[in-house]
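> Provided herewith is a single structure, encoded as structure tokens, for subsequent inquiry.
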Amino acid sequence: MVYFIEKNSIILTSCGEGIFIKKILKIKNLSILIPVLNEASILEALFFELQKITLPYELIFIDGGSTDKTKEILEQHQYSVINSDKGRSIQMNLGAQNAQGEFLLFLHADIRFPNNINEKLNELLEDEIPFANFKLVFDKKHWFLQLNAVFTYSTLSPFQFGDQGLWLSKSLFNRVGAYDENMFLIEDQDIIRRVNKYEKLYKIDAALVVSARKYDKHGVFKLQFVYYYIYFLYRLGVGQKSLLKQLNNCLKIEG
């Protein structure tokens, strides 16, 4: 058996009983995209999580104008950082435009991976899954949060959001028109609904551990019901500026 490596492929050749066999195994490239804004306090924890991934991948951080040491820390660790205007949709689109991978994995900065993350990523790549996300669990043991996490376990649930991670083939991402940059809120829900018209969502049989830091800040019940309220208004067709104003008013956020 002889191995040759060409761009994006491994060619295996063998010769036996006068038969020459040539098999091309395509290397499927993965790009992990993480939008950040003032995340300096959690970056070391994120770096620890990223070290768990042992398969080859491209990592891109998209900074939305951080005023803390986020960019400085990323650059000190020699990570690829793209400067962007503020806005998750804008940041993620810019990251996707610069990504070299055939498959894109959009992640939040405050997640933790399951122990079998490499196994699950390999399965997605080998099976060429075009559209998937993870289940989720919270890092806070609160019965109401755990109940909410259960709603992410089914592909039929309307509650599919960005903190579950979003896996898309780049061709499918481009086909649906990327993220809507006019959206300030629920941008992940929007793109998932559009992608659902072309592909069925595959639910990865593993859960990302999601930070409950916002629930600690605002209160579990208050924040979750505010989210329900904003989602309800969104489904009624309320515009993005009004949704953002309502969210800020409910949580007493300035700006």
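Following the order of the structure tokens, chains are lettered A, B, ..., residues in each are numbered from 1, and ligands are numbered from 1.
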Got a sec: who's within 10 Å of Gly87 (chain A), counting only C-alpha atoms, leaving out chain neighbours fewer than 6 positions off, as a list in words?
Pro35, Val36, Leu37, Asp63, Gly64, Gly65, Glu181, Asn182, Met183, Phe184 and Leu185 of chain A
> Please give the complete set of residues from region 38-244 of chain A that DSSP, run on the backbone, assigns to helix (DSSP H, G or I), formatted as a PyMOL selection string.
chain A and resi 40-50+70-76+88-98+117-126+143-150+162-164+170-175+187-195+213-218+220-235+240-244
